[in-house]
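To be precise, the following lines are entry.tsv, and they hold TSV, N, CA and C atoms.
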```tsv
chain	number	residue	atom	x	y	z
S	1	MET	N	-20.15	-6.83	25.18
S	1	MET	CA	-18.94	-6.64	24.39
S	1	MET	C	-17.85	-6.03	25.27
S	2	GLU	N	-18.21	-4.95	26.02
S	2	GLU	CA	-17.23	-4.32	26.87
S	2	GLU	C	-16.71	-5.28	27.94
S	3	ALA	N	-17.63	-6.02	28.50
S	3	ALA	CA	-17.27	-6.99	29.54
S	3	ALA	C	-16.30	-8.03	28.97
S	4	ALA	N	-16.54	-8.48	27.74
S	4	ALA	CA	-15.69	-9.49	27.12
S	4	ALA	C	-14.28	-8.94	26.91
S	5	THR	N	-14.18	-7.65	26.48
S	5	THR	CA	-12.89	-7.02	26.26
S	5	THR	C	-12.13	-6.90	27.58
S	6	GLN	N	-12.85	-6.51	28.63
S	6	GLN	CA	-12.24	-6.38	29.94
S	6	GLN	C	-11.67	-7.70	30.44
S	7	MET	N	-12.32	-8.78	30.05
S	7	MET	CA	-11.86	-10.10	30.50
S	7	MET	C	-10.79	-10.68	29.57
S	8	CYS	N	-10.27	-9.84	28.62
S	8	CYS	CA	-9.25	-10.26	27.67
S	8	CYS	C	-9.69	-11.45	26.82
S	9	MET	N	-10.97	-11.53	26.56
S	9	MET	CA	-11.44	-12.62	25.70
S	9	MET	C	-11.33	-12.18	24.25
S	10	ARG	N	-11.06	-13.11	23.35
S	10	ARG	CA	-10.97	-12.76	21.92
S	10	ARG	C	-12.36	-12.73	21.32
S	11	LEU	N	-12.53	-11.81	20.39
S	11	LEU	CA	-13.81	-11.72	19.72
S	11	LEU	C	-13.95	-12.86	18.73
S	12	ALA	N	-15.16	-13.22	18.44
S	12	ALA	CA	-15.41	-14.28	17.47
S	12	ALA	C	-15.12	-13.77	16.07
S	13	GLN	N	-14.67	-14.65	15.20
S	13	GLN	CA	-14.46	-14.29	13.80
S	13	GLN	C	-15.26	-15.28	12.96
S	14	ALA	N	-16.03	-14.76	12.04
S	14	ALA	CA	-16.83	-15.64	11.19
S	14	ALA	C	-16.18	-15.74	9.81
S	15	TYR	N	-16.23	-16.90	9.22
S	15	TYR	CA	-15.74	-17.08	7.86
S	15	TYR	C	-16.80	-17.79	7.04
S	16	VAL	N	-17.23	-17.16	5.99
S	16	VAL	CA	-18.25	-17.76	5.11
S	16	VAL	C	-17.67	-17.87	3.71
S	17	PRO	N	-17.50	-19.07	3.18
S	17	PRO	CA	-16.97	-19.20	1.81
S	17	PRO	C	-17.91	-18.52	0.81
S	18	PHE	N	-17.35	-17.92	-0.23
S	18	PHE	CA	-18.13	-17.21	-1.22
S	18	PHE	C	-18.78	-18.22	-2.18
S	19	GLN	N	-20.07	-18.10	-2.33
S	19	GLN	CA	-20.79	-19.04	-3.19
S	19	GLN	C	-20.47	-18.77	-4.66
S	20	ILE	N	-20.29	-19.84	-5.43
S	20	ILE	CA	-20.10	-19.70	-6.88
S	20	ILE	C	-21.20	-20.48	-7.58
S	21	PHE	N	-21.93	-19.79	-8.42
S	21	PHE	CA	-23.08	-20.38	-9.10
S	21	PHE	C	-22.62	-21.37	-10.18
S	22	THR	N	-23.03	-22.62	-9.99
S	22	THR	CA	-22.70	-23.63	-11.01
S	22	THR	C	-23.98	-24.19	-11.62
S	23	ASN	N	-24.67	-25.02	-10.84
S	23	ASN	CA	-25.90	-25.61	-11.35
S	23	ASN	C	-27.11	-24.97	-10.69
S	24	ARG	N	-28.27	-25.27	-11.26
S	24	ARG	CA	-29.51	-24.81	-10.65
S	24	ARG	C	-30.55	-25.91	-10.81
S	25	TRP	N	-31.52	-25.89	-9.88
S	25	TRP	CA	-32.65	-26.79	-10.02
S	25	TRP	C	-33.74	-26.09	-10.79
S	26	ASP	N	-34.63	-26.87	-11.41
S	26	ASP	CA	-35.76	-26.24	-12.08
S	26	ASP	C	-36.71	-25.68	-11.02
S	27	PRO	N	-37.59	-24.74	-11.41
S	27	PRO	CA	-38.38	-24.02	-10.41
S	27	PRO	C	-39.17	-24.91	-9.44
S	28	MET	N	-39.81	-25.96	-9.94
S	28	MET	CA	-40.64	-26.77	-9.04
S	28	MET	C	-39.78	-27.53	-8.03
S	29	LYS	N	-38.64	-28.06	-8.53
S	29	LYS	CA	-37.73	-28.77	-7.62
S	29	LYS	C	-37.17	-27.78	-6.58
S	30	ALA	N	-36.83	-26.57	-7.04
S	30	ALA	CA	-36.29	-25.55	-6.14
S	30	ALA	C	-37.29	-25.22	-5.03
S	31	LEU	N	-38.57	-25.11	-5.40
S	31	LEU	CA	-39.61	-24.80	-4.41
S	31	LEU	C	-39.69	-25.91	-3.36
S	32	MET	N	-39.55	-27.16	-3.82
S	32	MET	CA	-39.63	-28.29	-2.89
S	32	MET	C	-38.39	-28.36	-1.99
S	33	MET	N	-37.21	-28.03	-2.54
S	33	MET	CA	-35.96	-28.15	-1.79
S	33	MET	C	-35.67	-26.91	-0.93
S	34	GLY	N	-36.34	-25.80	-1.21
S	34	GLY	CA	-36.13	-24.58	-0.44
S	34	GLY	C	-34.98	-23.73	-0.94
S	35	THR	N	-34.39	-24.10	-2.06
S	35	THR	CA	-33.33	-23.30	-2.68
S	35	THR	C	-33.21	-23.70	-4.14
S	36	VAL	N	-32.79	-22.76	-4.97
S	36	VAL	CA	-32.58	-23.06	-6.39
S	36	VAL	C	-31.16	-23.60	-6.61
S	37	PHE	N	-30.30	-23.44	-5.58
S	37	PHE	CA	-28.89	-23.82	-5.71
S	37	PHE	C	-28.60	-25.15	-5.00
S	38	PRO	N	-28.29	-26.22	-5.78
S	38	PRO	CA	-28.06	-27.53	-5.15
S	38	PRO	C	-26.98	-27.50	-4.06
S	39	GLU	N	-25.96	-26.63	-4.22
S	39	GLU	CA	-24.87	-26.59	-3.24
S	39	GLU	C	-25.30	-26.02	-1.89
S	40	LEU	N	-26.47	-25.38	-1.86
S	40	LEU	CA	-26.96	-24.82	-0.58
S	40	LEU	C	-27.95	-25.76	0.12
S	41	TYR	N	-28.26	-26.86	-0.52
S	41	TYR	CA	-29.23	-27.78	0.07
S	41	TYR	C	-28.56	-28.59	1.17
S	42	ARG	N	-29.00	-28.38	2.40
S	42	ARG	CA	-28.41	-29.09	3.54
S	42	ARG	C	-29.52	-29.41	4.54
S	43	PRO	N	-30.23	-30.50	4.28
S	43	PRO	CA	-31.38	-30.80	5.16
S	43	PRO	C	-30.94	-31.24	6.55
S	44	TYR	N	-31.80	-30.98	7.52
S	44	TYR	CA	-31.58	-31.47	8.87
S	44	TYR	C	-32.05	-32.92	8.94
S	45	HIS	N	-31.26	-33.75	9.54
S	45	HIS	CA	-31.69	-35.13	9.76
S	45	HIS	C	-31.89	-35.32	11.26
S	46	SER	N	-33.02	-35.90	11.61
S	46	SER	CA	-33.26	-36.13	13.04
S	46	SER	C	-32.37	-37.26	13.53
S	47	LYS	N	-31.82	-37.05	14.74
S	47	LYS	CA	-30.94	-38.08	15.32
S	47	LYS	C	-31.80	-39.19	15.92
S	48	LYS	N	-31.42	-40.41	15.62
S	48	LYS	CA	-32.17	-41.52	16.20
S	48	LYS	C	-31.57	-41.85	17.57
S	49	CYS	N	-32.45	-41.88	18.59
S	49	CYS	CA	-31.96	-42.16	19.95
S	49	CYS	C	-31.77	-43.67	20.17
J	50	MET	N	-60.47	-25.85	-5.14
J	50	MET	CA	-59.83	-25.23	-6.31
J	50	MET	C	-59.61	-26.28	-7.40
J	51	HIS	N	-59.98	-25.93	-8.63
J	51	HIS	CA	-59.87	-26.86	-9.76
J	51	HIS	C	-58.40	-27.20	-10.00
J	52	SER	N	-58.15	-28.43	-10.51
J	52	SER	CA	-56.75	-28.88	-10.63
J	52	SER	C	-55.95	-28.05	-11.63
J	53	THR	N	-56.60	-27.54	-12.69
J	53	THR	CA	-55.89	-26.69	-13.67
J	53	THR	C	-55.44	-25.40	-12.98
J	54	GLN	N	-56.34	-24.83	-12.18
J	54	GLN	CA	-56.03	-23.59	-11.47
J	54	GLN	C	-54.92	-23.82	-10.45
J	55	LEU	N	-55.01	-24.93	-9.73
J	55	LEU	CA	-54.02	-25.25	-8.71
J	55	LEU	C	-52.64	-25.47	-9.34
J	56	LYS	N	-52.62	-26.14	-10.48
J	56	LYS	CA	-51.35	-26.40	-11.19
J	56	LYS	C	-50.71	-25.07	-11.60
J	57	MET	N	-51.53	-24.16	-12.15
J	57	MET	CA	-50.99	-22.87	-12.60
J	57	MET	C	-50.50	-22.04	-11.42
J	58	LEU	N	-51.23	-22.09	-10.30
J	58	LEU	CA	-50.82	-21.36	-9.10
J	58	LEU	C	-49.51	-21.92	-8.56
J	59	ASN	N	-49.40	-23.24	-8.59
J	59	ASN	CA	-48.18	-23.90	-8.12
J	59	ASN	C	-46.98	-23.54	-9.01
J	60	ASP	N	-47.20	-23.52	-10.34
J	60	ASP	CA	-46.14	-23.13	-11.28
J	60	ASP	C	-45.70	-21.69	-10.99
J	61	LEU	N	-46.68	-20.83	-10.72
J	61	LEU	CA	-46.36	-19.42	-10.44
J	61	LEU	C	-45.56	-19.29	-9.15
J	62	GLN	N	-45.94	-20.05	-8.13
J	62	GLN	CA	-45.21	-20.00	-6.86
J	62	GLN	C	-43.76	-20.47	-7.06
J	63	ALA	N	-43.58	-21.53	-7.86
J	63	ALA	CA	-42.24	-22.06	-8.11
J	63	ALA	C	-41.40	-21.01	-8.86
J	64	LEU	N	-42.01	-20.34	-9.84
J	64	LEU	CA	-41.27	-19.34	-10.62
J	64	LEU	C	-40.94	-18.11	-9.78
J	65	GLU	N	-41.88	-17.69	-8.93
J	65	GLU	CA	-41.61	-16.52	-8.07
J	65	GLU	C	-40.55	-16.86	-7.03
J	66	PHE	N	-40.56	-18.09	-6.52
J	66	PHE	CA	-39.53	-18.52	-5.57
J	66	PHE	C	-38.16	-18.49	-6.24
J	67	THR	N	-38.10	-19.04	-7.47
J	67	THR	CA	-36.84	-19.07	-8.22
J	67	THR	C	-36.34	-17.65	-8.48
J	68	THR	N	-37.24	-16.77	-8.88
J	68	THR	CA	-36.87	-15.37	-9.14
J	68	THR	C	-36.26	-14.76	-7.88
J	69	PHE	N	-36.90	-15.00	-6.73
J	69	PHE	CA	-36.42	-14.38	-5.50
J	69	PHE	C	-35.10	-14.99	-5.03
J	70	ASP	N	-34.89	-16.28	-5.29
J	70	ASP	CA	-33.61	-16.90	-4.89
J	70	ASP	C	-32.46	-16.32	-5.73
J	71	PHE	N	-32.70	-16.09	-7.01
J	71	PHE	CA	-31.68	-15.44	-7.84
J	71	PHE	C	-31.49	-13.98	-7.41
J	72	HIS	N	-32.58	-13.33	-7.01
J	72	HIS	CA	-32.49	-11.97	-6.49
J	72	HIS	C	-31.51	-11.92	-5.31
J	73	LEU	N	-31.69	-12.85	-4.36
J	73	LEU	CA	-30.81	-12.87	-3.18
J	73	LEU	C	-29.36	-13.13	-3.57
J	74	TYR	N	-29.15	-14.06	-4.51
J	74	TYR	CA	-27.79	-14.38	-4.98
J	74	TYR	C	-27.15	-13.13	-5.60
J	75	LEU	N	-27.95	-12.43	-6.43
J	75	LEU	CA	-27.40	-11.26	-7.13
J	75	LEU	C	-27.08	-10.10	-6.18
J	76	ASP	N	-27.73	-10.06	-5.01
J	76	ASP	CA	-27.40	-9.03	-4.03
J	76	ASP	C	-25.94	-9.11	-3.60
J	77	THR	N	-25.38	-10.33	-3.61
J	77	THR	CA	-23.97	-10.49	-3.23
J	77	THR	C	-23.07	-10.79	-4.44
J	78	HIS	N	-23.66	-11.06	-5.62
J	78	HIS	CA	-22.89	-11.35	-6.83
J	78	HIS	C	-23.45	-10.52	-7.99
J	79	PRO	N	-23.39	-9.16	-7.87
J	79	PRO	CA	-24.10	-8.32	-8.85
J	79	PRO	C	-23.60	-8.40	-10.29
J	80	ASN	N	-22.40	-8.98	-10.50
J	80	ASN	CA	-21.87	-9.03	-11.87
J	80	ASN	C	-21.92	-10.42	-12.49
J	81	ASP	N	-22.59	-11.35	-11.84
J	81	ASP	CA	-22.67	-12.71	-12.38
J	81	ASP	C	-23.65	-12.72	-13.56
J	82	GLN	N	-23.09	-12.75	-14.77
J	82	GLN	CA	-23.92	-12.61	-15.98
J	82	GLN	C	-24.93	-13.75	-16.14
J	83	ARG	N	-24.48	-14.96	-15.78
J	83	ARG	CA	-25.39	-16.11	-15.90
J	83	ARG	C	-26.57	-15.97	-14.95
J	84	ALA	N	-26.28	-15.55	-13.72
J	84	ALA	CA	-27.34	-15.36	-12.73
J	84	ALA	C	-28.28	-14.23	-13.16
J	85	LEU	N	-27.72	-13.17	-13.77
J	85	LEU	CA	-28.55	-12.06	-14.27
J	85	LEU	C	-29.52	-12.57	-15.32
J	86	ALA	N	-29.00	-13.44	-16.21
J	86	ALA	CA	-29.85	-13.98	-17.27
J	86	ALA	C	-30.92	-14.90	-16.69
J	87	GLU	N	-30.53	-15.71	-15.70
J	87	GLU	CA	-31.49	-16.62	-15.06
J	87	GLU	C	-32.59	-15.83	-14.34
J	88	TYR	N	-32.18	-14.75	-13.68
J	88	TYR	CA	-33.14	-13.90	-12.97
J	88	TYR	C	-34.16	-13.32	-13.95
J	89	ALA	N	-33.63	-12.77	-15.06
J	89	ALA	CA	-34.51	-12.15	-16.06
J	89	ALA	C	-35.47	-13.18	-16.65
J	90	ARG	N	-34.93	-14.37	-16.91
J	90	ARG	CA	-35.75	-15.42	-17.52
J	90	ARG	C	-36.87	-15.85	-16.56
J	91	ALA	N	-36.52	-16.10	-15.30
J	91	ALA	CA	-37.51	-16.54	-14.31
J	91	ALA	C	-38.56	-15.44	-14.08
J	92	HIS	N	-38.09	-14.19	-14.04
J	92	HIS	CA	-39.01	-13.07	-13.82
J	92	HIS	C	-40.02	-12.97	-14.96
J	93	CYS	N	-39.52	-13.04	-16.21
J	93	CYS	CA	-40.42	-12.94	-17.38
J	93	CYS	C	-41.41	-14.09	-17.39
J	94	GLU	N	-40.92	-15.28	-17.09
J	94	GLU	CA	-41.78	-16.46	-17.09
J	94	GLU	C	-42.85	-16.34	-16.00
J	95	ALA	N	-42.46	-15.83	-14.83
J	95	ALA	CA	-43.41	-15.64	-13.73
J	95	ALA	C	-44.49	-14.63	-14.12
J	96	GLU	N	-44.07	-13.54	-14.77
J	96	GLU	CA	-45.03	-12.52	-15.22
J	96	GLU	C	-46.01	-13.11	-16.22
J	97	ARG	N	-45.47	-13.94	-17.13
J	97	ARG	CA	-46.31	-14.55	-18.16
J	97	ARG	C	-47.36	-15.46	-17.52
J	98	VAL	N	-46.92	-16.31	-16.58
J	98	VAL	CA	-47.85	-17.23	-15.92
J	98	VAL	C	-48.85	-16.45	-15.06
J	99	LYS	N	-48.37	-15.37	-14.42
J	99	LYS	CA	-49.28	-14.58	-13.59
J	99	LYS	C	-50.38	-13.93	-14.44
J	100	ASP	N	-49.98	-13.39	-15.61
J	100	ASP	CA	-50.97	-12.80	-16.51
J	100	ASP	C	-51.99	-13.83	-16.96
J	101	MET	N	-51.47	-15.03	-17.29
J	101	MET	CA	-52.36	-16.11	-17.72
J	101	MET	C	-53.32	-16.49	-16.60
J	102	TYR	N	-52.78	-16.60	-15.38
J	102	TYR	CA	-53.59	-16.98	-14.23
J	102	TYR	C	-54.67	-15.94	-13.96
J	103	THR	N	-54.28	-14.67	-13.92
J	103	THR	CA	-55.26	-13.63	-13.58
J	103	THR	C	-56.31	-13.49	-14.69
J	104	ALA	N	-55.90	-13.71	-15.95
J	104	ALA	CA	-56.87	-13.64	-17.05
J	104	ALA	C	-57.91	-14.75	-16.91
J	105	SER	N	-57.47	-15.92	-16.47
J	105	SER	CA	-58.39	-17.07	-16.38
J	105	SER	C	-59.16	-17.11	-15.07
J	106	PHE	N	-58.48	-16.78	-13.96
J	106	PHE	CA	-59.08	-17.05	-12.64
J	106	PHE	C	-59.28	-15.81	-11.78
J	107	GLY	N	-58.89	-14.64	-12.27
J	107	GLY	CA	-59.10	-13.42	-11.50
J	107	GLY	C	-57.85	-12.98	-10.76
J	108	PRO	N	-57.91	-11.79	-10.14
J	108	PRO	CA	-56.73	-11.20	-9.52
J	108	PRO	C	-56.21	-11.98	-8.31
J	109	LEU	N	-54.89	-12.01	-8.19
J	109	LEU	CA	-54.23	-12.69	-7.06
J	109	LEU	C	-53.92	-11.72	-5.93
J	110	THR	N	-53.72	-10.45	-6.28
J	110	THR	CA	-53.35	-9.45	-5.28
J	110	THR	C	-54.28	-8.25	-5.41
J	111	ALA	N	-54.24	-7.37	-4.42
J	111	ALA	CA	-55.07	-6.17	-4.45
J	111	ALA	C	-54.74	-5.31	-5.67
J	112	GLU	N	-53.43	-5.20	-6.01
J	112	GLU	CA	-53.04	-4.36	-7.15
J	112	GLU	C	-53.65	-4.88	-8.45
J	113	ASP	N	-53.80	-6.22	-8.52
J	113	ASP	CA	-54.40	-6.80	-9.73
J	113	ASP	C	-55.87	-6.43	-9.86
J	114	SER	N	-56.48	-5.91	-8.78
J	114	SER	CA	-57.91	-5.56	-8.82
J	114	SER	C	-58.15	-4.21	-9.50
J	115	ILE	N	-57.06	-3.46	-9.78
J	115	ILE	CA	-57.21	-2.16	-10.45
J	115	ILE	C	-57.78	-2.42	-11.85
J	116	ASN	N	-58.70	-1.57	-12.28
J	116	ASN	CA	-59.41	-1.73	-13.55
J	116	ASN	C	-60.40	-2.89	-13.57
J	117	GLN	N	-60.69	-3.44	-12.42
J	117	GLN	CA	-61.72	-4.46	-12.31
J	117	GLN	C	-63.01	-3.77	-11.84
J	118	PRO	N	-64.16	-4.35	-12.16
J	118	PRO	CA	-65.42	-3.69	-11.76
J	118	PRO	C	-65.59	-3.56	-10.24
J	119	CYS	N	-64.96	-4.45	-9.47
J	119	CYS	CA	-65.03	-4.31	-8.01
J	119	CYS	C	-63.73	-4.83	-7.41
J	120	TRP	N	-63.63	-4.80	-6.09
J	120	TRP	CA	-62.42	-5.23	-5.35
J	120	TRP	C	-62.37	-6.75	-5.38
J	121	ARG	N	-61.96	-7.29	-6.53
J	121	ARG	CA	-62.20	-8.70	-6.80
J	121	ARG	C	-61.26	-9.68	-6.11
J	122	TRP	N	-60.08	-9.18	-5.68
J	122	TRP	CA	-59.08	-10.18	-5.23
J	122	TRP	C	-59.52	-10.93	-3.98
J	123	ILE	N	-60.46	-10.33	-3.21
J	123	ILE	CA	-60.94	-11.02	-2.00
J	123	ILE	C	-61.84	-12.22	-2.33
J	124	GLU	N	-62.19	-12.35	-3.63
J	124	GLU	CA	-63.00	-13.51	-4.03
J	124	GLU	C	-62.15	-14.77	-4.18
J	125	GLU	N	-60.83	-14.59	-4.32
J	125	GLU	CA	-59.91	-15.74	-4.40
J	125	GLU	C	-59.88	-16.47	-3.06
J	126	PRO	N	-59.68	-17.79	-3.09
J	126	PRO	CA	-59.52	-18.46	-1.79
J	126	PRO	C	-58.26	-17.96	-1.08
J	127	TRP	N	-58.32	-17.85	0.25
J	127	TRP	CA	-57.14	-17.46	1.03
J	127	TRP	C	-56.17	-18.65	1.04
J	128	PRO	N	-54.88	-18.37	1.25
J	128	PRO	CA	-53.88	-19.46	1.18
J	128	PRO	C	-54.24	-20.67	2.04
J	129	TRP	N	-54.80	-20.41	3.22
J	129	TRP	CA	-55.10	-21.54	4.12
J	129	TRP	C	-56.35	-22.30	3.69
J	130	GLU	N	-57.05	-21.75	2.70
J	130	GLU	CA	-58.23	-22.45	2.19
J	130	GLU	C	-57.91	-23.34	0.99
J	131	ILE	N	-56.65	-23.26	0.52
J	131	ILE	CA	-56.25	-24.04	-0.65
J	131	ILE	C	-55.75	-25.40	-0.21
J	132	ASN	N	-56.31	-26.43	-0.80
J	132	ASN	CA	-55.89	-27.79	-0.46
J	132	ASN	C	-54.83	-28.25	-1.45
J	133	TYR	N	-53.55	-28.09	-1.07
J	133	TYR	CA	-52.46	-28.41	-2.01
J	133	TYR	C	-52.28	-29.91	-2.20
```

Output the file's structure as structure tokens, nothing else.
Amino acid sequence: MEAATQMCMRLAQAYVPFQIFTNRWDPMKALMMGTVFPELYRPYHSKKC
Amino acid sequence: MHSTQLKMLNDLQALEFTTFDFHLYLDTHPNDQRALAEYARAHCEAERVKDMYTASFGPLTAEDSINQPCWRWIEEPWPWEINY
């Protein structure tokens, strides 16, 4: 951190939008998807070479 | 593990997962009334299924072994022994 300041580099700023609860999945679906909130479901897709 | 037991265990896992996901949401949204109601509902339902499960199949955790004739929870299959 000190080294970055000495080099006049700007610090990183994070921005996370505030989640608003709208819908929910039922418990079994939530367990399978890894979240009860559909808006948080963001699976990784493998890139095809 | 018998299919009835496995189904009930799976239902309990789903309900406990749901309870904990609402718990995490409420940590950052403590006044969301709908989420509070969903948390309470999932928690009660999980407790109900857990009571049903332990009454039928025995204790799931060490704490559930209290008031049992012996340290019974070790008689349950370990998670890696369950064929989901």

May I have a table of the residues of chain S lying at most 10 Å from chain J, giving each one's closest pair of atoms and their distance in Å to one decimal, counting only C-alpha atoms, ordered by chain and ascending residue number, as JSON lines?
```
{"residue": "S:Phe18", "atom": "CA", "partner": "J:Thr77", "partner_atom": "CA", "distance": 9.1}
{"residue": "S:Gln19", "atom": "CA", "partner": "J:Tyr74", "partner_atom": "CA", "distance": 8.6}
{"residue": "S:Ile20", "atom": "CA", "partner": "J:His78", "partner_atom": "CA", "distance": 8.8}
{"residue": "S:Phe21", "atom": "CA", "partner": "J:Ala84", "partner_atom": "CA", "distance": 7.5}
{"residue": "S:Thr22", "atom": "CA", "partner": "J:Arg83", "partner_atom": "CA", "distance": 9.4}
{"residue": "S:Arg24", "atom": "CA", "partner": "J:Glu87", "partner_atom": "CA", "distance": 9.5}
{"residue": "S:Trp25", "atom": "CA", "partner": "J:Thr67", "partner_atom": "CA", "distance": 9.0}
{"residue": "S:Asp26", "atom": "CA", "partner": "J:Thr67", "partner_atom": "CA", "distance": 8.2}
{"residue": "S:Pro27", "atom": "CA", "partner": "J:Ala63", "partner_atom": "CA", "distance": 4.9}
{"residue": "S:Met28", "atom": "CA", "partner": "J:Ala63", "partner_atom": "CA", "distance": 5.1}
{"residue": "S:Lys29", "atom": "CA", "partner": "J:Ala63", "partner_atom": "CA", "distance": 8.1}
{"residue": "S:Ala30", "atom": "CA", "partner": "J:Thr67", "partner_atom": "CA", "distance": 6.8}
{"residue": "S:Leu31", "atom": "CA", "partner": "J:Ala63", "partner_atom": "CA", "distance": 5.3}
{"residue": "S:Met32", "atom": "CA", "partner": "J:Ala63", "partner_atom": "CA", "distance": 8.5}
{"residue": "S:Gly34", "atom": "CA", "partner": "J:Phe66", "partner_atom": "CA", "distance": 8.6}
{"residue": "S:Thr35", "atom": "CA", "partner": "J:Asp70", "partner_atom": "CA", "distance": 6.8}
{"residue": "S:Val36", "atom": "CA", "partner": "J:Thr67", "partner_atom": "CA", "distance": 6.1}
{"residue": "S:Phe37", "atom": "CA", "partner": "J:Asp70", "partner_atom": "CA", "distance": 8.4}
```

Do you have the CA of Glu96 in chain J-atom C of Met57 in chain J distance handy? 11.6 Å

If you run DSSP on the backbone, which residues of chain S are alpha helix (DSSP H), as number ranges by chain? S: 2-6, 27-33

Using all atoms of range 84-94 of chain J listed in the file and a margin of 8 Å per side, can you give the axis-aligned box centre and edge lengths in Å to one decimal, as lines of an AutoDock Vina configuration file?
```
center_x = -34.6
center_y = -14.3
center_z = -15.1
size_x = 32.6
size_y = 20.6
size_z = 20.8
```

For the atom pair atom N of Asp76 in chain J and CA of Pro38 in chain S, what is the interatomic distance in Å to one decimal place?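 Straight-line distance from atom N of Asp76 in chain J to CA of Pro38 in chain S works out to 17.5 Å.
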
Pairwise distance for atom C of Gln117 in chain J and atom N of Lys99 in chain J, rounded to one decimal in Å: 18.9 Å
